[in-house]
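Asker: The following file, run20.pdb, comprises PDB, C-alpha atoms, pLDDT in the B column:
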```pdb
ATOM      1  CA  ILE X 265       0.000   0.000   0.000  1.00 88.00           C
ATOM      2  CA  SER X 266       1.597   3.241  -1.145  1.00 90.00           C
ATOM      3  CA  SER X 267       1.627   6.953  -0.315  1.00 90.00           C
ATOM      4  CA  ILE X 268      -0.842   6.802   2.554  1.00 94.00           C
ATOM      5  CA  GLU X 269      -0.188   9.467   5.172  1.00 94.00           C
ATOM      6  CA  PRO X 270       0.229   8.371   8.809  1.00 96.00           C
ATOM      7  CA  ASN X 271      -2.959  10.089   9.980  1.00 96.00           C
ATOM      8  CA  LEU X 272      -4.960   8.083   7.423  1.00 96.00           C
ATOM      9  CA  LEU X 273      -3.206   4.775   8.114  1.00 96.00           C
ATOM     10  CA  THR X 274      -5.414   3.673  10.986  1.00 96.00           C
ATOM     11  CA  ASP X 275      -4.964   0.629  13.200  1.00 96.00           C
ATOM     12  CA  GLU X 276      -8.000  -0.877  11.472  1.00 97.00           C
ATOM     13  CA  ILE X 277      -6.366  -0.544   8.044  1.00 97.00           C
ATOM     14  CA  ILE X 278      -3.074  -2.011   9.283  1.00 97.00           C
ATOM     15  CA  ARG X 279      -4.874  -4.960  10.880  1.00 97.00           C
ATOM     16  CA  PHE X 280      -6.960  -5.510   7.730  1.00 97.00           C
ATOM     17  CA  ILE X 281      -3.826  -5.602   5.572  1.00 96.00           C
ATOM     18  CA  ALA X 282      -2.094  -7.965   7.993  1.00 97.00           C
ATOM     19  CA  GLU X 283      -5.013 -10.403   7.848  1.00 96.00           C
ATOM     20  CA  SER X 284      -5.694 -10.074   4.109  1.00 95.00           C
ATOM     21  CA  LYS X 285      -4.417 -12.480   1.464  1.00 92.00           C
ATOM     22  CA  LYS X 286      -4.733  -9.789  -1.209  1.00 94.00           C
ATOM     23  CA  PHE X 287      -2.279  -7.256   0.238  1.00 95.00           C
ATOM     24  CA  LEU X 288       1.462  -7.785   0.404  1.00 95.00           C
ATOM     25  CA  PRO X 289       3.559  -6.673   3.413  1.00 97.00           C
ATOM     26  CA  HIS X 290       4.949  -3.489   1.891  1.00 97.00           C
ATOM     27  CA  PHE X 291       4.079   0.062   2.924  1.00 97.00           C
ATOM     28  CA  HIS X 292       5.260   3.388   1.555  1.00 97.00           C
ATOM     29  CA  ILE X 293       4.495   6.160   4.033  1.00 97.00           C
ATOM     30  CA  PRO X 294       5.299   9.887   3.718  1.00 97.00           C
ATOM     31  CA  LEU X 295       7.115  11.389   6.701  1.00 98.00           C
ATOM     32  CA  GLN X 296       8.699  14.459   4.999  1.00 98.00           C
ATOM     33  CA  SER X 297      10.450  15.646   8.175  1.00 98.00           C
ATOM     34  CA  GLY X 298      11.458  14.265  11.540  1.00 98.00           C
ATOM     35  CA  SER X 299      11.024  17.721  13.084  1.00 98.00           C
ATOM     36  CA  ASP X 300       7.576  18.548  14.437  1.00 98.00           C
ATOM     37  CA  THR X 301       8.323  22.246  13.891  1.00 97.00           C
ATOM     38  CA  ILE X 302       8.893  21.658  10.187  1.00 97.00           C
ATOM     39  CA  LEU X 303       5.841  19.385   9.948  1.00 98.00           C
ATOM     40  CA  ARG X 304       3.736  22.232  11.338  1.00 96.00           C
ATOM     41  CA  ALA X 305       5.246  24.637   8.803  1.00 95.00           C
ATOM     42  CA  MET X 306       4.384  22.133   6.066  1.00 95.00           C
ATOM     43  CA  ARG X 307       0.828  21.970   7.450  1.00 94.00           C
ATOM     44  CA  ARG X 308       1.027  18.214   7.791  1.00 95.00           C
ATOM     45  CA  ARG X 309      -1.799  16.648   9.759  1.00 96.00           C
ATOM     46  CA  TYR X 310       0.436  14.419  11.847  1.00 97.00           C
ATOM     47  CA  ARG X 311       3.499  14.589  14.087  1.00 98.00           C
ATOM     48  CA  THR X 312       6.468  12.305  14.608  1.00 98.00           C
ATOM     49  CA  ASP X 313       4.888  10.506  17.575  1.00 98.00           C
ATOM     50  CA  LEU X 314       1.990   9.344  15.390  1.00 98.00           C
ATOM     51  CA  PHE X 315       4.374   8.229  12.648  1.00 98.00           C
ATOM     52  CA  ALA X 316       6.393   6.205  15.175  1.00 98.00           C
ATOM     53  CA  GLN X 317       3.203   4.583  16.488  1.00 98.00           C
ATOM     54  CA  ARG X 318       2.206   3.518  12.975  1.00 98.00           C
ATOM     55  CA  ILE X 319       5.617   1.954  12.262  1.00 98.00           C
ATOM     56  CA  LYS X 320       5.539   0.107  15.587  1.00 98.00           C
ATOM     57  CA  ARG X 321       2.023  -1.176  14.884  1.00 98.00           C
ATOM     58  CA  ILE X 322       2.944  -2.430  11.409  1.00 98.00           C
ATOM     59  CA  LYS X 323       6.001  -4.262  12.707  1.00 98.00           C
ATOM     60  CA  SER X 324       4.046  -5.821  15.579  1.00 98.00           C
ATOM     61  CA  LEU X 325       1.629  -7.446  13.112  1.00 98.00           C
ATOM     62  CA  LEU X 326       3.950  -7.853  10.111  1.00 98.00           C
ATOM     63  CA  PRO X 327       7.539  -8.191  11.392  1.00 97.00           C
ATOM     64  CA  ASP X 328       8.936  -8.792   7.898  1.00 97.00           C
ATOM     65  CA  ALA X 329       7.132  -5.876   6.261  1.00 98.00           C
ATOM     66  CA  GLY X 330       9.136  -3.603   4.002  1.00 98.00           C
ATOM     67  CA  ILE X 331       8.528   0.063   4.790  1.00 98.00           C
ATOM     68  CA  GLY X 332       9.615   2.945   2.579  1.00 98.00           C
ATOM     69  CA  VAL X 333       9.560   6.575   3.745  1.00 98.00           C
ATOM     70  CA  ASP X 334       9.398   9.874   1.840  1.00 98.00           C
ATOM     71  CA  VAL X 335      11.576  12.686   3.222  1.00 98.00           C
ATOM     72  CA  ILE X 336      11.997  16.273   1.985  1.00 97.00           C
ATOM     73  CA  VAL X 337      15.235  18.156   2.672  1.00 97.00           C
ATOM     74  CA  GLY X 338      15.698  21.898   2.473  1.00 96.00           C
ATOM     75  CA  PHE X 339      12.199  23.064   3.328  1.00 96.00           C
ATOM     76  CA  PRO X 340      12.329  26.783   4.233  1.00 95.00           C
ATOM     77  CA  GLY X 341      13.192  27.240   7.884  1.00 95.00           C
ATOM     78  CA  GLU X 342      14.893  23.839   8.158  1.00 97.00           C
ATOM     79  CA  SER X 343      17.857  24.740  10.364  1.00 97.00           C
ATOM     80  CA  ASP X 344      20.788  22.424  11.031  1.00 97.00           C
ATOM     81  CA  ASN X 345      19.099  21.512  14.305  1.00 98.00           C
ATOM     82  CA  TYR X 346      15.777  20.623  12.661  1.00 98.00           C
ATOM     83  CA  PHE X 347      17.559  18.539  10.040  1.00 98.00           C
ATOM     84  CA  GLN X 348      19.468  16.734  12.788  1.00 98.00           C
ATOM     85  CA  GLN X 349      16.123  15.969  14.436  1.00 98.00           C
ATOM     86  CA  THR X 350      15.074  14.293  11.184  1.00 98.00           C
ATOM     87  CA  CYS X 351      18.256  12.202  11.082  1.00 98.00           C
ATOM     88  CA  ASP X 352      17.956  11.221  14.742  1.00 98.00           C
ATOM     89  CA  PHE X 353      14.299  10.291  14.357  1.00 98.00           C
ATOM     90  CA  LEU X 354      14.885   8.179  11.257  1.00 98.00           C
ATOM     91  CA  GLU X 355      17.763   6.391  12.961  1.00 98.00           C
ATOM     92  CA  THR X 356      15.272   5.037  15.499  1.00 98.00           C
ATOM     93  CA  MET X 357      12.673   3.943  12.946  1.00 98.00           C
ATOM     94  CA  ASP X 358      12.517   0.312  11.811  1.00 98.00           C
ATOM     95  CA  VAL X 359      12.103   1.163   8.125  1.00 98.00           C
ATOM     96  CA  SER X 360      13.632  -0.345   4.983  1.00 98.00           C
ATOM     97  CA  TYR X 361      14.537   2.565   2.726  1.00 98.00           C
ATOM     98  CA  LEU X 362      14.099   6.301   2.191  1.00 98.00           C
ATOM     99  CA  HIS X 363      12.911   8.262  -0.836  1.00 97.00           C
ATOM    100  CA  VAL X 364      14.727  11.576  -0.488  1.00 98.00           C
ATOM    101  CA  PHE X 365      13.450  14.708  -2.248  1.00 97.00           C
ATOM    102  CA  SER X 366      14.999  18.161  -2.405  1.00 96.00           C
ATOM    103  CA  TYR X 367      12.618  21.039  -1.735  1.00 94.00           C
ATOM    104  CA  SER X 368      11.918  23.290  -4.700  1.00 85.00           C
ATOM    105  CA  GLU X 369       9.742  26.392  -4.687  1.00 81.00           C
ATOM    106  CA  ARG X 370       6.224  26.266  -6.103  1.00 75.00           C
ATOM    107  CA  ASP X 371       4.214  29.356  -6.978  1.00 70.00           C
ATOM    108  CA  HIS X 372       1.135  30.172  -4.894  1.00 67.00           C
ATOM    109  CA  THR X 373       2.224  28.148  -1.852  1.00 77.00           C
ATOM    110  CA  ASP X 374       2.609  29.407   1.702  1.00 77.00           C
ATOM    111  CA  ALA X 375       6.107  27.931   1.861  1.00 77.00           C
ATOM    112  CA  ILE X 376       7.392  30.495  -0.623  1.00 80.00           C
ATOM    113  CA  ASN X 377       6.957  33.160   2.072  1.00 75.00           C
ATOM    114  CA  ILE X 378       8.779  31.228   4.811  1.00 78.00           C
ATOM    115  CA  SER X 379      12.332  32.196   5.657  1.00 81.00           C
ATOM    116  CA  PRO X 380      15.190  31.664   5.984  1.00 89.00           C
ATOM    117  CA  LYS X 381      15.735  29.700   2.811  1.00 92.00           C
ATOM    118  CA  VAL X 382      18.143  26.764   2.905  1.00 94.00           C
ATOM    119  CA  ARG X 383      21.285  27.181   0.839  1.00 95.00           C
ATOM    120  CA  PRO X 384      21.461  24.889  -2.232  1.00 94.00           C
ATOM    121  CA  GLU X 385      24.809  23.532  -1.009  1.00 97.00           C
ATOM    122  CA  ALA X 386      23.207  22.541   2.309  1.00 97.00           C
ATOM    123  CA  ILE X 387      20.314  20.844   0.511  1.00 97.00           C
ATOM    124  CA  ILE X 388      22.761  18.738  -1.514  1.00 97.00           C
ATOM    125  CA  GLU X 389      24.739  17.808   1.582  1.00 98.00           C
ATOM    126  CA  ARG X 390      21.623  16.857   3.539  1.00 98.00           C
ATOM    127  CA  SER X 391      20.307  14.808   0.657  1.00 98.00           C
ATOM    128  CA  GLN X 392      23.576  12.883   0.491  1.00 98.00           C
ATOM    129  CA  MET X 393      23.443  12.214   4.239  1.00 98.00           C
ATOM    130  CA  LEU X 394      19.934  10.780   4.010  1.00 98.00           C
ATOM    131  CA  HIS X 395      20.815   8.682   0.965  1.00 98.00           C
ATOM    132  CA  SER X 396      23.642   7.212   3.026  1.00 98.00           C
ATOM    133  CA  LEU X 397      21.239   6.497   5.882  1.00 98.00           C
ATOM    134  CA  SER X 398      18.852   4.872   3.418  1.00 98.00           C
ATOM    135  CA  ARG X 399      21.587   2.493   2.265  1.00 97.00           C
ATOM    136  CA  GLU X 400      22.257   1.567   5.893  1.00 97.00           C
ATOM    137  CA  LYS X 401      18.551   0.902   6.486  1.00 98.00           C
ATOM    138  CA  THR X 402      18.273  -1.226   3.350  1.00 97.00           C
ATOM    139  CA  ASN X 403      21.362  -3.251   4.201  1.00 97.00           C
ATOM    140  CA  LYS X 404      20.034  -3.940   7.705  1.00 97.00           C
ATOM    141  CA  PHE X 405      16.644  -4.972   6.286  1.00 98.00           C
ATOM    142  CA  TYR X 406      18.321  -7.293   3.796  1.00 98.00           C
ATOM    143  CA  GLN X 407      20.413  -8.840   6.558  1.00 97.00           C
ATOM    144  CA  GLN X 408      17.265  -9.477   8.588  1.00 97.00           C
ATOM    145  CA  ASN X 409      15.806 -11.408   5.654  1.00 97.00           C
ATOM    146  CA  MET X 410      18.911 -13.461   4.934  1.00 97.00           C
ATOM    147  CA  GLY X 411      18.214 -17.202   4.826  1.00 96.00           C
ATOM    148  CA  SER X 412      14.449 -16.788   4.552  1.00 97.00           C
ATOM    149  CA  ILE X 413      12.459 -18.226   1.661  1.00 97.00           C
ATOM    150  CA  ARG X 414      10.467 -15.634  -0.268  1.00 97.00           C
ATOM    151  CA  GLU X 415       8.028 -15.669  -3.154  1.00 96.00           C
ATOM    152  CA  VAL X 416       9.624 -13.577  -5.915  1.00 98.00           C
ATOM    153  CA  LEU X 417       7.691 -12.048  -8.797  1.00 98.00           C
ATOM    154  CA  ILE X 418      10.102 -12.204 -11.741  1.00 98.00           C
ATOM    155  CA  GLU X 419      10.046  -8.958 -13.726  1.00 98.00           C
ATOM    156  CA  SER X 420      12.918  -9.255 -16.188  1.00 98.00           C
ATOM    157  CA  CYS X 421      15.637 -11.488 -17.601  1.00 97.00           C
ATOM    158  CA  GLU X 422      18.976 -10.261 -18.916  1.00 96.00           C
ATOM    159  CA  GLU X 423      21.898 -12.469 -19.972  1.00 94.00           C
ATOM    160  CA  GLY X 424      20.569 -15.468 -18.084  1.00 95.00           C
ATOM    161  CA  PHE X 425      19.770 -13.645 -14.837  1.00 97.00           C
ATOM    162  CA  LEU X 426      16.264 -13.062 -13.532  1.00 98.00           C
ATOM    163  CA  SER X 427      15.356 -10.020 -11.455  1.00 98.00           C
ATOM    164  CA  GLY X 428      12.234  -9.577  -9.358  1.00 98.00           C
ATOM    165  CA  LEU X 429      10.686  -8.448  -6.110  1.00 98.00           C
ATOM    166  CA  THR X 430       9.707 -10.333  -2.979  1.00 98.00           C
ATOM    167  CA  GLU X 431       6.390  -9.783  -1.216  1.00 97.00           C
ATOM    168  CA  ASN X 432       8.124  -7.325   1.123  1.00 97.00           C
ATOM    169  CA  TYR X 433       9.823  -5.400  -1.694  1.00 97.00           C
ATOM    170  CA  ILE X 434      13.342  -6.814  -1.781  1.00 98.00           C
ATOM    171  CA  ARG X 435      15.037  -6.854  -5.174  1.00 98.00           C
ATOM    172  CA  VAL X 436      16.322 -10.390  -5.867  1.00 98.00           C
ATOM    173  CA  GLN X 437      18.440 -11.853  -8.658  1.00 97.00           C
ATOM    174  CA  THR X 438      18.859 -15.487  -9.662  1.00 98.00           C
ATOM    175  CA  ALA X 439      19.825 -17.509 -12.722  1.00 97.00           C
ATOM    176  CA  GLY X 440      16.974 -18.372 -15.059  1.00 97.00           C
ATOM    177  CA  LYS X 441      15.319 -18.229 -18.456  1.00 96.00           C
ATOM    178  CA  PRO X 442      13.271 -15.533 -20.248  1.00 97.00           C
ATOM    179  CA  GLU X 443      10.127 -17.678 -20.159  1.00 97.00           C
ATOM    180  CA  GLU X 444      10.121 -17.356 -16.364  1.00 98.00           C
ATOM    181  CA  VAL X 445       9.371 -13.615 -16.525  1.00 98.00           C
ATOM    182  CA  ASN X 446       5.947 -12.845 -14.970  1.00 98.00           C
ATOM    183  CA  THR X 447       6.013 -15.987 -12.862  1.00 98.00           C
ATOM    184  CA  ILE X 448       6.436 -16.332  -9.100  1.00 97.00           C
ATOM    185  CA  ILE X 449       9.386 -18.409  -7.890  1.00 97.00           C
ATOM    186  CA  PRO X 450      10.265 -19.326  -4.281  1.00 97.00           C
ATOM    187  CA  LEU X 451      13.867 -18.368  -3.579  1.00 98.00           C
ATOM    188  CA  GLN X 452      16.060 -18.509  -0.523  1.00 98.00           C
ATOM    189  CA  MET X 453      17.787 -15.231   0.292  1.00 98.00           C
ATOM    190  CA  ARG X 454      21.519 -16.071   0.308  1.00 97.00           C
ATOM    191  CA  TYR X 455      23.763 -12.993   0.126  1.00 96.00           C
ATOM    192  CA  ILE X 456      23.807  -9.306  -0.790  1.00 96.00           C
ATOM    193  CA  HIS X 457      25.178  -8.267  -4.159  1.00 94.00           C
ATOM    194  CA  GLY X 458      25.094  -4.505  -4.717  1.00 91.00           C
ATOM    195  CA  ASP X 459      21.493  -3.317  -4.414  1.00 92.00           C
ATOM    196  CA  GLU X 460      20.074  -6.823  -4.670  1.00 95.00           C
ATOM    197  CA  ILE X 461      20.022 -10.126  -2.848  1.00 97.00           C
ATOM    198  CA  ILE X 462      21.122 -13.244  -4.678  1.00 98.00           C
ATOM    199  CA  GLY X 463      18.455 -15.912  -4.308  1.00 97.00           C
ATOM    200  CA  HIS X 464      18.870 -19.659  -4.643  1.00 97.00           C
ATOM    201  CA  ARG X 465      16.149 -21.940  -5.910  1.00 95.00           C
ATOM    202  CA  ILE X 466      14.440 -24.324  -3.531  1.00 87.00           C
ATOM    203  CA  ASP X 467      14.435 -27.979  -4.647  1.00 75.00           C
TER
END
```
Step by step, read the file and then write its structure as C-alpha cells.
Answerer:
Amino acid sequence: ISSIEPNLLTDEIIRFIAESKKFLPHFHIPLQSGSDTILRAMRRRYRTDLFAQRIKRIKSLLPDAGIGVDVIVGFPGESDNYFQQTCDFLETMDVSYLHVFSYSERDHTDAINISPKVRPEAIIERSQMLHSLSREKTNKFYQQNMGSIREVLIESCEEGFLSGLTENYIRVQTAGKPEEVNTIIPLQMRYIHGDEIIGHRID
C-alpha cells in the first residue's frame, strides 16, 4: 500500500492488511520531516509521535514488512538543528529505505513566504546524508531477511539472470530463463550483491 499518510493509516487498516491475502507486506508512508516544527510549517496533519506509532504497529503485526519513507530536505526554515532531528528520528525507525526529495519552490504556496531559505549547497549535503542512511537501512533490512524463503515475482531477464521483487519489496536476482518472466518463484535469500540479494532456488 503506497503513499498513505500516517494520519490516514489507521490501526483498522493495518490490521486488515495484515489479515488479508490480497495485500502484500509493503508500505510506503510519507514522513517528509522528523522535526515537528517543520511538519507544522508544512501543514502536515500528523506529528512524529503518530508516525512512530504507525511503524511500531505495522512491525508488531507484520515483522517482515518492508517500509519505505518519503523525506523532503531543504524546506524553508529547516535549520541544522531541525535537520538533525530528522536524522535522529529516522535512525530510530525500523524502516527499509528512504525516498529523499529536495525542496523546490512552487508558486502560490505558503512555503514560498517562509524564511530563511536553505542554501542549495546545504540541501545537496543533507540529501547525500539521508541517501547514506537509506543504504544503511536497506542493508540492515536485507540482513534481517537473509536465509528466509520468499516468493519472488520475476520482472525481467537479462543475460541469463532473472530479477524480481519479494512480497516485502526486496530486489532479488537469480539464474533463469526468459520464459520465467511474470512468474512467481520461491527463492532462498543467500547474500547481498550490490542493491540486490542473490536468491537460490528451492528444490
Asker: With distances taken over all atoms listed in the file, which residue among X:Lys401, X:Lys441, X:His457, X:Arg321 lies nearest Leu273 (chain X)?
Answerer: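 Looking at the shortest contact to Leu273 (chain X), the residue is X:Arg321.
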Asker: Counting only C-alpha atoms, which residue out of X:Thr350, X:Ser379, X:Ser266, X:Asn409 sits closest to Leu288 (chain X)?
Answerer: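 Going through X:Thr350, X:Ser379, X:Ser266, X:Asn409 one by one, the smallest distance to Leu288 (chain X) is for X:Ser266.
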Asker: Tell me which protein, DNA and RNA residues are within 12 Å of Asp344 (chain X), counting all atoms listed in the file, leaving out same-chain ones fewer than 2 positions away, and put them as an MDAnalysis selection string.
Answerer: chainID X and resid 299 302 337:342 346:351 380 382:383 386:387 389:390
Asker: Write out, as an mmCIF file, keeping the file's coordinate frame, the residues just selected, with C-alpha atoms.
Answerer:
```cif
data_model
loop_
_atom_site.group_PDB
_atom_site.id
_atom_site.type_symbol
_atom_site.label_atom_id
_atom_site.label_comp_id
_atom_site.auth_asym_id
_atom_site.auth_seq_id
_atom_site.Cartn_x
_atom_site.Cartn_y
_atom_site.Cartn_z
ATOM 1 C CA SER X 299 11.024 17.721 13.084
ATOM 2 C CA ILE X 302 8.893 21.658 10.187
ATOM 3 C CA VAL X 337 15.235 18.156 2.672
ATOM 4 C CA GLY X 338 15.698 21.898 2.473
ATOM 5 C CA PHE X 339 12.199 23.064 3.328
ATOM 6 C CA PRO X 340 12.329 26.783 4.233
ATOM 7 C CA GLY X 341 13.192 27.240 7.884
ATOM 8 C CA GLU X 342 14.893 23.839 8.158
ATOM 9 C CA TYR X 346 15.777 20.623 12.661
ATOM 10 C CA PHE X 347 17.559 18.539 10.040
ATOM 11 C CA GLN X 348 19.468 16.734 12.788
ATOM 12 C CA GLN X 349 16.123 15.969 14.436
ATOM 13 C CA THR X 350 15.074 14.293 11.184
ATOM 14 C CA CYS X 351 18.256 12.202 11.082
ATOM 15 C CA PRO X 380 15.190 31.664 5.984
ATOM 16 C CA VAL X 382 18.143 26.764 2.905
ATOM 17 C CA ARG X 383 21.285 27.181 0.839
ATOM 18 C CA ALA X 386 23.207 22.541 2.309
ATOM 19 C CA ILE X 387 20.314 20.844 0.511
ATOM 20 C CA GLU X 389 24.739 17.808 1.582
ATOM 21 C CA ARG X 390 21.623 16.857 3.539
#
```
Asker: Skipping near chain neighbours, those fewer than 2 positions away, what residues fall within 10 Å of Ile461 (chain X) using all atoms listed in the file, listed as a VMD selection string?
Answerer: chain X and resid 403 406 to 407 409 to 410 427 434 to 438 452 to 459 463 to 464
Asker: In Å, with one decimal, what is the gap from CA of Leu362 (chain X) to CA of Ser398 (chain X)?
Answerer: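 Between CA of Leu362 (chain X) and CA of Ser398 (chain X) the gap works out to 5.1 Å.
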Asker: If you count all atoms listed in the file, which residues fall within 8 Å of Ile418 (chain X), apart from same-chain ones fewer than 3 positions away, as a PyMOL selection string?
Answerer: chain X and resi 426-429+444-449
Asker: I'd like the contact shell of Ile293 (chain X) - 6 Å cut-off, only C-alpha atoms, skipping same-chain residues fewer than 6 positions apart - returned as a list in words.
Answerer: Ser267, Ile268, Glu269 and Val333 of chain X
Asker: Quick one: of X:Arg370, X:Asp313, X:Glu431, X:Leu295, who's nearest to Leu326 (chain X), counting only C-alpha atoms?
Answerer: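 Closest to Leu326 (chain X) of all the choices is X:Glu431.
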Asker: Please measure the separation of CA of Arg279 (chain X) and CA of Pro327 (chain X), giving the value in Å to one decimal.
Answerer: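 Rounded to one decimal, the two atoms are 12.8 Å apart.
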Asker: Translate the PyMOL selection byres ((chain X and resi 291) around 6), as applied to the file shown, into an explicit residue set as a count of residues only.
Answerer: 5
Asker: Take CA of Glu276 (chain X) and CA of Ile413 (chain X) and report the distance between them in Å, one decimal.
Answerer: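 Taking CA of Glu276 (chain X) as the start and CA of Ile413 (chain X) as the end point, the length is 28.6 Å.
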Asker: I'd like the contact shell of Val335 (chain X) - 6 Å cut-off, all atoms listed in the file, skipping same-chain residues fewer than 2 positions apart - returned as a list in words.
Answerer: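 Result of the neighbour search: Leu295, Gln296, Ser297 and Val364 of chain X.
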